[in-house]
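Chemist: The structure file run_9.cif (mmCIF, C-alpha atoms) is provided below.
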```cif
data_input
#
loop_
_atom_site.group_PDB
_atom_site.id
_atom_site.type_symbol
_atom_site.label_atom_id
_atom_site.label_comp_id
_atom_site.auth_asym_id
_atom_site.auth_seq_id
_atom_site.Cartn_x
_atom_site.Cartn_y
_atom_site.Cartn_z
ATOM 1 C CA MET L 1 -4.473 26.107 12.155
ATOM 2 C CA HIS L 2 -3.603 26.696 8.520
ATOM 3 C CA SER L 3 -2.632 23.026 8.236
ATOM 4 C CA ASP L 4 -6.059 21.937 9.546
ATOM 5 C CA ARG L 5 -7.834 24.213 7.073
ATOM 6 C CA ALA L 6 -5.731 22.919 4.193
ATOM 7 C CA SER L 7 -6.437 19.324 5.223
ATOM 8 C CA LEU L 8 -10.180 20.011 5.423
ATOM 9 C CA GLY L 9 -10.106 21.702 2.027
ATOM 10 C CA LEU L 10 -8.335 18.728 0.464
ATOM 11 C CA LYS L 11 -10.879 16.319 1.962
ATOM 12 C CA ILE L 12 -13.792 18.385 0.630
ATOM 13 C CA ALA L 13 -12.141 18.535 -2.822
ATOM 14 C CA ALA L 14 -11.587 14.770 -2.792
ATOM 15 C CA VAL L 15 -15.224 14.079 -1.848
ATOM 16 C CA ALA L 16 -16.453 16.515 -4.504
ATOM 17 C CA GLY L 17 -14.293 14.807 -7.133
ATOM 18 C CA LEU L 18 -15.579 11.362 -6.190
ATOM 19 C CA LEU L 19 -19.198 12.543 -6.303
ATOM 20 C CA PHE L 20 -18.642 14.142 -9.703
ATOM 21 C CA LEU L 21 -17.237 10.862 -11.038
ATOM 22 C CA HIS L 22 -19.659 8.409 -9.470
ATOM 23 C CA LEU L 23 -23.045 10.110 -9.126
ATOM 24 C CA PRO L 24 -23.924 9.431 -12.801
ATOM 25 C CA ILE L 25 -23.185 5.730 -12.227
ATOM 26 C CA LEU L 26 -25.415 5.696 -9.146
ATOM 27 C CA LEU L 27 -28.197 7.258 -11.214
ATOM 28 C CA ILE L 28 -27.936 4.367 -13.674
ATOM 29 C CA PHE L 29 -28.388 1.960 -10.779
ATOM 30 C CA VAL L 30 -31.497 3.826 -9.582
ATOM 31 C CA TYR L 31 -33.064 3.885 -13.049
ATOM 32 C CA ALA L 32 -32.608 0.104 -13.293
ATOM 33 C CA PHE L 33 -35.367 -0.171 -10.655
ATOM 34 C CA THR L 34 -37.789 2.448 -12.008
ATOM 35 C CA THR L 35 -41.371 1.565 -12.961
ATOM 36 C CA GLU L 36 -41.283 3.988 -15.909
ATOM 37 C CA ASP L 37 -40.040 2.353 -19.121
ATOM 38 C CA THR L 38 -40.209 5.203 -21.644
ATOM 39 C CA SER L 39 -38.468 8.204 -20.091
ATOM 40 C CA TYR L 40 -36.119 9.286 -17.332
ATOM 41 C CA GLN L 41 -37.940 11.076 -14.528
ATOM 42 C CA TRP L 42 -36.465 12.361 -11.307
ATOM 43 C CA PRO L 43 -37.376 11.242 -8.795
ATOM 44 C CA PRO L 44 -38.507 7.902 -10.266
ATOM 45 C CA PRO L 45 -42.293 7.435 -10.015
ATOM 46 C CA GLY L 46 -41.777 4.054 -8.342
ATOM 47 C CA LEU L 47 -39.356 1.186 -7.823
ATOM 48 C CA THR L 48 -39.633 -2.396 -9.049
ATOM 49 C CA LEU L 49 -37.542 -5.504 -9.701
ATOM 50 C CA GLN L 50 -39.472 -6.527 -12.821
ATOM 51 C CA TRP L 51 -36.781 -5.324 -15.227
ATOM 52 C CA PHE L 52 -34.290 -7.839 -13.889
ATOM 53 C CA ALA L 53 -36.649 -10.645 -14.909
ATOM 54 C CA VAL L 54 -37.259 -8.997 -18.278
ATOM 55 C CA THR L 55 -33.514 -8.688 -18.858
ATOM 56 C CA TRP L 56 -32.963 -12.318 -17.853
ATOM 57 C CA ASN L 57 -35.435 -13.440 -20.523
ATOM 58 C CA ARG L 58 -34.018 -11.309 -23.354
ATOM 59 C CA PRO L 59 -32.049 -13.627 -25.702
ATOM 60 C CA ASP L 60 -30.315 -10.670 -27.381
ATOM 61 C CA VAL L 61 -28.804 -9.690 -24.025
ATOM 62 C CA TRP L 62 -27.460 -13.198 -23.465
ATOM 63 C CA GLU L 63 -25.995 -13.347 -26.975
ATOM 64 C CA ALA L 64 -24.214 -10.021 -26.503
ATOM 65 C CA LEU L 65 -22.973 -11.023 -23.033
ATOM 66 C CA SER L 66 -21.675 -14.356 -24.317
ATOM 67 C CA LEU L 67 -19.819 -12.654 -27.166
ATOM 68 C CA SER L 68 -18.245 -10.089 -24.821
ATOM 69 C CA LEU L 69 -17.083 -12.767 -22.377
ATOM 70 C CA ARG L 70 -15.584 -14.950 -25.121
ATOM 71 C CA VAL L 71 -13.816 -12.022 -26.769
ATOM 72 C CA ALA L 72 -12.449 -10.768 -23.445
ATOM 73 C CA ALA L 73 -11.245 -14.233 -22.404
ATOM 74 C CA ILE L 74 -9.392 -14.988 -25.654
ATOM 75 C CA SER L 75 -7.993 -11.454 -25.959
ATOM 76 C CA THR L 76 -6.666 -11.722 -22.414
ATOM 77 C CA ALA L 77 -5.063 -15.105 -23.121
ATOM 78 C CA ILE L 78 -3.304 -13.714 -26.209
ATOM 79 C CA ALA L 79 -2.218 -10.646 -24.259
ATOM 80 C CA LEU L 80 -0.780 -12.754 -21.435
ATOM 81 C CA VAL L 81 1.430 -14.703 -23.824
ATOM 82 C CA LEU L 82 2.578 -11.833 -26.035
ATOM 83 C CA GLY L 83 2.806 -9.257 -23.252
ATOM 84 C CA THR L 84 4.885 -11.520 -21.017
ATOM 85 C CA LEU L 85 7.294 -12.523 -23.792
ATOM 86 C CA CYS L 86 7.756 -8.919 -24.870
ATOM 87 C CA ALA L 87 8.280 -7.780 -21.272
ATOM 88 C CA ALA L 88 10.886 -10.501 -20.722
ATOM 89 C CA ALA L 89 12.778 -9.458 -23.866
ATOM 90 C CA VAL L 90 12.755 -5.755 -22.978
ATOM 91 C CA ALA L 91 13.538 -6.157 -19.268
ATOM 92 C CA ARG L 92 16.128 -8.944 -19.404
ATOM 93 C CA SER L 93 17.996 -8.141 -22.646
ATOM 94 C CA ARG L 94 20.092 -5.298 -24.024
ATOM 95 C CA PHE L 95 19.819 -4.688 -27.759
ATOM 96 C CA PHE L 96 19.661 -1.851 -30.272
ATOM 97 C CA GLY L 97 16.194 -0.255 -30.460
ATOM 98 C CA ARG L 98 14.994 -1.681 -27.139
ATOM 99 C CA GLU L 99 13.377 1.576 -25.977
ATOM 100 C CA THR L 100 11.793 2.073 -29.391
ATOM 101 C CA ILE L 101 10.202 -1.351 -29.192
ATOM 102 C CA SER L 102 8.938 -0.576 -25.697
ATOM 103 C CA LEU L 103 7.349 2.628 -27.009
ATOM 104 C CA LEU L 104 5.737 0.824 -29.938
ATOM 105 C CA VAL L 105 4.226 -1.778 -27.590
ATOM 106 C CA ILE L 106 2.656 0.930 -25.418
ATOM 107 C CA LEU L 107 1.517 3.080 -28.365
ATOM 108 C CA PRO L 108 -1.865 1.360 -29.083
ATOM 109 C CA ILE L 109 -3.274 2.292 -25.692
ATOM 110 C CA ALA L 110 -1.851 5.821 -25.875
ATOM 111 C CA LEU L 111 -3.489 6.549 -29.229
ATOM 112 C CA PRO L 112 -7.171 7.551 -29.391
ATOM 113 C CA GLY L 113 -9.403 4.541 -29.895
ATOM 114 C CA VAL L 114 -10.782 6.008 -33.115
ATOM 115 C CA ILE L 115 -7.319 6.008 -34.705
ATOM 116 C CA THR L 116 -6.658 2.434 -33.605
ATOM 117 C CA GLY L 117 -10.082 1.363 -34.874
ATOM 118 C CA ILE L 118 -9.645 3.025 -38.271
ATOM 119 C CA ALA L 119 -6.155 1.543 -38.640
ATOM 120 C CA LEU L 120 -7.390 -1.955 -37.844
ATOM 121 C CA ARG L 121 -10.394 -1.654 -40.156
ATOM 122 C CA SER L 122 -8.199 -0.427 -43.007
ATOM 123 C CA SER L 123 -5.744 -3.279 -42.433
ATOM 124 C CA PHE L 124 -8.506 -5.900 -42.453
ATOM 125 C CA ASN L 125 -9.950 -4.413 -45.644
ATOM 126 C CA LEU L 126 -6.558 -4.366 -47.384
ATOM 127 C CA ALA L 127 -5.909 -7.973 -46.354
ATOM 128 C CA GLU L 128 -9.480 -8.884 -47.421
ATOM 129 C CA ILE L 129 -10.187 -10.356 -43.988
ATOM 130 C CA PRO L 130 -13.951 -10.544 -43.359
ATOM 131 C CA PHE L 131 -15.175 -9.029 -40.111
ATOM 132 C CA SER L 132 -15.917 -11.729 -37.580
ATOM 133 C CA PHE L 133 -15.400 -12.838 -34.008
ATOM 134 C CA TRP L 134 -11.661 -13.051 -34.611
ATOM 135 C CA THR L 135 -11.310 -9.510 -35.940
ATOM 136 C CA ILE L 136 -12.823 -8.277 -32.672
ATOM 137 C CA VAL L 137 -10.378 -10.449 -30.722
ATOM 138 C CA LEU L 138 -7.400 -9.133 -32.683
ATOM 139 C CA GLY L 139 -8.567 -5.555 -32.171
ATOM 140 C CA HIS L 140 -8.926 -6.020 -28.418
ATOM 141 C CA ALA L 141 -5.632 -7.869 -28.112
ATOM 142 C CA THR L 142 -3.743 -4.807 -29.420
ATOM 143 C CA PHE L 143 -4.470 -2.824 -26.271
ATOM 144 C CA CYS L 144 -4.781 -5.747 -23.851
ATOM 145 C CA VAL L 145 -1.130 -6.620 -24.585
ATOM 146 C CA VAL L 146 -0.132 -3.189 -23.288
ATOM 147 C CA VAL L 147 -1.784 -3.743 -19.891
ATOM 148 C CA VAL L 148 -0.080 -7.102 -19.374
ATOM 149 C CA TYR L 149 3.227 -5.744 -20.674
ATOM 150 C CA ASN L 150 3.246 -2.803 -18.256
ATOM 151 C CA ASN L 151 2.628 -5.067 -15.256
ATOM 152 C CA ALA L 152 5.078 -7.750 -16.346
ATOM 153 C CA VAL L 153 7.953 -5.462 -17.322
ATOM 154 C CA ALA L 154 7.780 -3.634 -13.984
ATOM 155 C CA ARG L 155 7.974 -6.943 -12.104
ATOM 156 C CA PHE L 156 10.761 -8.302 -14.324
ATOM 157 C CA ARG L 157 12.846 -5.213 -13.609
ATOM 158 C CA ARG L 158 12.458 -5.750 -9.848
ATOM 159 C CA THR L 159 13.363 -9.428 -10.045
ATOM 160 C CA SER L 160 17.058 -10.088 -9.536
ATOM 161 C CA GLY L 161 18.859 -11.691 -12.457
ATOM 162 C CA SER L 162 21.117 -13.499 -9.988
ATOM 163 C CA LEU L 163 18.235 -15.837 -9.111
ATOM 164 C CA ILE L 164 17.963 -16.953 -12.730
ATOM 165 C CA GLU L 165 21.733 -17.317 -13.028
ATOM 166 C CA ALA L 166 21.862 -19.377 -9.825
ATOM 167 C CA SER L 167 19.095 -21.649 -11.091
ATOM 168 C CA MET L 168 20.900 -22.264 -14.375
ATOM 169 C CA ASP L 169 24.229 -22.815 -12.584
ATOM 170 C CA LEU L 170 22.586 -25.500 -10.448
ATOM 171 C CA GLY L 171 21.572 -27.422 -13.552
ATOM 172 C CA ALA L 172 17.964 -26.330 -14.026
ATOM 173 C CA THR L 173 16.607 -26.308 -17.568
ATOM 174 C CA TYR L 174 15.051 -23.196 -19.104
ATOM 175 C CA PHE L 175 11.565 -24.533 -18.402
ATOM 176 C CA GLN L 176 12.413 -25.432 -14.788
ATOM 177 C CA THR L 177 13.895 -21.982 -14.216
ATOM 178 C CA PHE L 178 10.785 -20.353 -15.625
ATOM 179 C CA ARG L 179 8.409 -22.569 -13.613
ATOM 180 C CA LEU L 180 10.236 -22.522 -10.287
ATOM 181 C CA VAL L 181 11.987 -19.128 -10.250
ATOM 182 C CA ILE L 182 10.545 -16.643 -12.732
ATOM 183 C CA LEU L 183 6.847 -17.529 -12.645
ATOM 184 C CA PRO L 184 6.431 -17.350 -8.834
ATOM 185 C CA ASN L 185 7.948 -13.862 -8.887
ATOM 186 C CA ILE L 186 5.783 -12.502 -11.696
ATOM 187 C CA ALA L 187 2.584 -14.510 -11.084
ATOM 188 C CA THR L 188 0.642 -11.791 -9.233
ATOM 189 C CA ALA L 189 1.684 -9.184 -11.826
ATOM 190 C CA LEU L 190 0.440 -11.426 -14.640
ATOM 191 C CA LEU L 191 -2.803 -12.173 -12.814
ATOM 192 C CA ALA L 192 -3.404 -8.477 -12.160
ATOM 193 C CA GLY L 193 -2.540 -7.583 -15.750
ATOM 194 C CA GLY L 194 -4.845 -10.308 -17.046
ATOM 195 C CA MET L 195 -7.736 -9.077 -14.916
ATOM 196 C CA LEU L 196 -7.245 -5.492 -16.036
ATOM 197 C CA ALA L 197 -7.009 -6.626 -19.661
ATOM 198 C CA PHE L 198 -10.235 -8.628 -19.283
ATOM 199 C CA ALA L 199 -12.059 -5.627 -17.803
ATOM 200 C CA LEU L 200 -10.721 -3.333 -20.520
ATOM 201 C CA SER L 201 -11.805 -5.710 -23.278
ATOM 202 C CA PHE L 202 -15.218 -6.401 -21.766
ATOM 203 C CA ASP L 203 -16.346 -2.763 -21.872
ATOM 204 C CA GLU L 204 -14.546 -1.635 -25.056
ATOM 205 C CA VAL L 205 -16.746 0.273 -27.532
ATOM 206 C CA ILE L 206 -14.738 2.321 -30.034
ATOM 207 C CA VAL L 207 -12.342 -0.309 -31.415
ATOM 208 C CA THR L 208 -15.169 -2.865 -31.411
ATOM 209 C CA THR L 209 -17.311 -0.559 -33.541
ATOM 210 C CA PHE L 210 -14.684 -0.640 -36.317
ATOM 211 C CA THR L 211 -13.868 -4.371 -36.125
ATOM 212 C CA SER L 212 -17.137 -6.134 -35.283
ATOM 213 C CA GLY L 213 -19.062 -6.016 -38.538
ATOM 214 C CA GLN L 214 -22.655 -7.025 -37.746
ATOM 215 C CA GLN L 215 -21.882 -8.607 -34.375
ATOM 216 C CA GLN L 216 -22.803 -6.951 -31.095
ATOM 217 C CA THR L 217 -20.810 -7.164 -27.906
ATOM 218 C CA LEU L 218 -22.576 -6.038 -24.751
ATOM 219 C CA PRO L 219 -21.338 -2.409 -24.882
ATOM 220 C CA ILE L 220 -22.317 -2.173 -28.577
ATOM 221 C CA TRP L 221 -25.730 -3.614 -27.714
ATOM 222 C CA MET L 222 -26.154 -0.923 -25.050
ATOM 223 C CA LEU L 223 -25.196 1.784 -27.537
ATOM 224 C CA GLU L 224 -27.775 0.510 -30.022
ATOM 225 C CA GLU L 225 -30.435 0.382 -27.315
ATOM 226 C CA LEU L 226 -29.772 4.001 -26.368
ATOM 227 C CA VAL L 227 -30.210 5.066 -29.995
ATOM 228 C CA ARG L 228 -33.330 2.951 -30.598
ATOM 229 C CA PRO L 229 -34.647 2.059 -27.142
ATOM 230 C CA ARG L 230 -37.172 -0.709 -26.577
ATOM 231 C CA GLN L 231 -37.178 -0.850 -22.779
ATOM 232 C CA ARG L 232 -34.926 1.771 -21.213
ATOM 233 C CA PRO L 233 -34.652 0.137 -17.754
ATOM 234 C CA VAL L 234 -33.283 -3.046 -19.386
ATOM 235 C CA THR L 235 -30.365 -1.003 -20.699
ATOM 236 C CA ASN L 236 -29.727 0.278 -17.173
ATOM 237 C CA VAL L 237 -29.816 -3.261 -15.749
ATOM 238 C CA VAL L 238 -27.248 -4.340 -18.343
ATOM 239 C CA ALA L 239 -25.163 -1.273 -17.493
ATOM 240 C CA MET L 240 -25.141 -2.425 -13.855
ATOM 241 C CA VAL L 241 -23.807 -5.812 -14.972
ATOM 242 C CA VAL L 242 -21.071 -4.147 -17.039
ATOM 243 C CA VAL L 243 -20.050 -1.975 -14.071
ATOM 244 C CA VAL L 244 -19.853 -4.977 -11.742
ATOM 245 C CA VAL L 245 -18.005 -7.215 -14.224
ATOM 246 C CA THR L 246 -15.536 -4.402 -14.906
ATOM 247 C CA LEU L 247 -15.110 -3.302 -11.287
ATOM 248 C CA LEU L 248 -14.453 -6.692 -9.695
ATOM 249 C CA PRO L 249 -11.321 -7.541 -11.750
ATOM 250 C CA ILE L 250 -9.932 -4.061 -11.103
ATOM 251 C CA LEU L 251 -10.426 -4.409 -7.336
ATOM 252 C CA LEU L 252 -8.907 -7.897 -7.358
ATOM 253 C CA ALA L 253 -5.948 -6.661 -9.395
ATOM 254 C CA TYR L 254 -5.399 -3.861 -6.895
ATOM 255 C CA ARG L 255 -5.431 -6.273 -3.959
ATOM 256 C CA LEU L 256 -3.097 -8.693 -5.716
ATOM 257 C CA THR L 257 -0.494 -6.054 -6.529
ATOM 258 C CA ARG L 258 -0.722 -4.169 -3.219
ATOM 259 C CA GLY L 259 2.275 -4.882 -1.037
ATOM 260 C CA THR L 260 4.230 -6.687 -3.759
ATOM 261 C CA GLU L 261 6.874 -3.997 -4.229
ATOM 262 C CA THR L 262 9.522 -6.327 -2.804
ATOM 263 C CA VAL L 263 10.248 -9.521 -4.724
ATOM 264 C CA ALA L 264 12.641 -12.345 -4.115
ATOM 265 C CA GLY L 265 16.263 -11.521 -4.689
ATOM 266 C CA GLN L 266 15.653 -7.822 -5.161
ATOM 267 C CA GLY L 267 18.803 -5.766 -4.778
ATOM 268 C CA LYS L 268 21.187 -8.717 -5.080
#
```
Let me see the structure of the file written as structure tokens.
Modeler:
Amino acid sequence: MHSDRASLGLKIAAVAGLLFLHLPILLIFVYAFTTEDTSYQWPPPGLTLQWFAVTWNRPDVWEALSLSLRVAAISTAIALVLGTLCAAAVARSRFFGRETISLLVILPIALPGVITGIALRSSFNLAEIPFSFWTIVLGHATFCVVVVYNNAVARFRRTSGSLIEASMDLGATYFQTFRLVILPNIATALLAGGMLAFALSFDEVIVTTFTSGQQQTLPIWMLEELVRPRQRPVTNVVAMVVVVVTLLPILLAYRLTRGTETVAGQGK
């Protein structure tokens, strides 16, 4: 009896937590269809699809979306290379300061975004690097590397070193061993890490604010529109796009990593 009550209480608490987290997002979706373009009224006075057409024809939205996609794609590519190499060094080698290096790699995502943004802006100013597309990419890559690193290092640690040793003993080159032995074992972890890094970069605001100069990614465009709104429902339509673009990679990453606890050669 007490067990049933406890189970019911936990279910109610879980539902309440989910509603608290997601009701504001659902409200954004509703306001994307409202006929009122100057204020937020509840309930909305009417529903319409006109704002989707208006958003489609706004060149500033397309420019911001294009910039966000390009920044996220290049930041993710950099993170995949650097994060994987760093994970391989930490997981497969023993050297002085290994744990310190691991901590330093993870630190950018553990620090508040404001601190990371100020540090990057100060560094660019000291180096006299003008703010541009590439300063945004470098800023995003600092925390995207962490996401890839965390996924890759966990998979490296579960992959048996005997497989690599056997491959080398049989005459395989370093590249062949990586392509035929290591990569198949870490591929889903890298893909999941890359998707999470892309989602994280796509909706980043704080670090972008300090490294973008006059350029506007999609989240920065939304922030500007909230401060000086032209058509409020357009901002809500764009917010829907950001939610979808961010959510899909996260769901795919979850499905790719689910059930991959066991890898080839584990325990040998």
Chemist: Which residues are near L:Cys144? Cut-off 7 Å, all atoms listed in the file, ignore same chain within fewer than 6 positions. Put them as a list in words.
Modeler: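 These residues fall inside the cut-off: Ser75, Thr76, Ala79 and Ala197 of chain L.
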Chemist: Stretch 244-256 of chain L: which residues within 7 Å, counting all atoms listed in the file, same-chain residues fewer than 4 positions away excluded, as a PyMOL selection string?
Modeler: chain L and resi 188+192+195-196+199+240
Chemist: Given only C-alpha atoms as the basis, pick out the residue of L:Phe133, L:Leu49, L:Ser93, L:Pro24 nearest to L:Ala239.
Modeler: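 Checking each of L:Phe133, L:Leu49, L:Ser93, L:Pro24 against L:Ala239, counting only C-alpha atoms, the winner is L:Pro24.
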Chemist: Could you list, as a PDB file with C-alpha atoms, in the coordinates of the input, every residue within 12 Å of L:Glu224, counting only C-alpha atoms and ignoring same-chain residues fewer than 2 positions away?
Modeler:
```pdb
ATOM      1  CA  ASP L  60     -30.315 -10.670 -27.381  1.00  0.00           C
ATOM      2  CA  VAL L  61     -28.804  -9.690 -24.025  1.00  0.00           C
ATOM      3  CA  ALA L  64     -24.214 -10.021 -26.503  1.00  0.00           C
ATOM      4  CA  VAL L 205     -16.746   0.273 -27.532  1.00  0.00           C
ATOM      5  CA  THR L 209     -17.311  -0.559 -33.541  1.00  0.00           C
ATOM      6  CA  GLN L 214     -22.655  -7.025 -37.746  1.00  0.00           C
ATOM      7  CA  GLN L 215     -21.882  -8.607 -34.375  1.00  0.00           C
ATOM      8  CA  GLN L 216     -22.803  -6.951 -31.095  1.00  0.00           C
ATOM      9  CA  THR L 217     -20.810  -7.164 -27.906  1.00  0.00           C
ATOM     10  CA  LEU L 218     -22.576  -6.038 -24.751  1.00  0.00           C
ATOM     11  CA  PRO L 219     -21.338  -2.409 -24.882  1.00  0.00           C
ATOM     12  CA  ILE L 220     -22.317  -2.173 -28.577  1.00  0.00           C
ATOM     13  CA  TRP L 221     -25.730  -3.614 -27.714  1.00  0.00           C
ATOM     14  CA  MET L 222     -26.154  -0.923 -25.050  1.00  0.00           C
ATOM     15  CA  LEU L 226     -29.772   4.001 -26.368  1.00  0.00           C
ATOM     16  CA  VAL L 227     -30.210   5.066 -29.995  1.00  0.00           C
ATOM     17  CA  ARG L 228     -33.330   2.951 -30.598  1.00  0.00           C
ATOM     18  CA  PRO L 229     -34.647   2.059 -27.142  1.00  0.00           C
ATOM     19  CA  ARG L 230     -37.172  -0.709 -26.577  1.00  0.00           C
ATOM     20  CA  GLN L 231     -37.178  -0.850 -22.779  1.00  0.00           C
ATOM     21  CA  ARG L 232     -34.926   1.771 -21.213  1.00  0.00           C
ATOM     22  CA  THR L 235     -30.365  -1.003 -20.699  1.00  0.00           C
TER      23      THR L 235
END
```
Chemist: Quick one: apply the PyMOL selection byres ((chain L and resi 145-150) around 7) to the file and drop the selected residues here as a count of residues only.
Modeler: 23
Chemist: Quote the spacing between atom CA of L:Leu183 and atom CA of L:Ile101 in Å to one decimal place.
Modeler: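 Atom CA of L:Ile101 lies 23.4 Å from atom CA of L:Leu183.
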Chemist: Provide the atom CA of L:Phe202 to atom CA of L:Pro233 distance in Å, to one decimal place.
Modeler: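 For atom CA of L:Phe202 relative to atom CA of L:Pro233, the distance reads 20.9 Å.
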Chemist: For a quick check of understanding, using all atoms listed in the file, which of L:Thr48, L:Ser7, L:Thr135, L:Ser167 has the smallest distance to L:Leu120?
Modeler: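 Distance minimum relative to L:Leu120 lands on L:Thr135.
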Chemist: Residues near L:Leu26, anyone? I mean within 12 Å using all atoms listed in the file, not counting same-chain ones fewer than 5 positions away, as an MDAnalysis selection string.
Modeler: chainID L and resid 18:21 31:33 236:237 239:240 243
Chemist: So, with all atoms listed in the file as the atoms that count, which of L:Arg157, L:Lys11, L:His22, L:Arg70 lies closest to L:His140?
Modeler: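 Among the listed residues, the smallest separation from L:His140 belongs to L:Arg70.
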Chemist: In Å, how far is it from atom CA of L:Arg158 to atom CA of L:Ala89?
Modeler: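 The value is 14.5 Å.
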Chemist: What's around L:Thr116 at 12 Å? Count only C-alpha atoms, leave out sequence neighbours fewer than 2 positions away in its own chain, and write the answer as a ChimeraX atom specification.
Modeler: /L:107-114,118-123,138-143,205-211
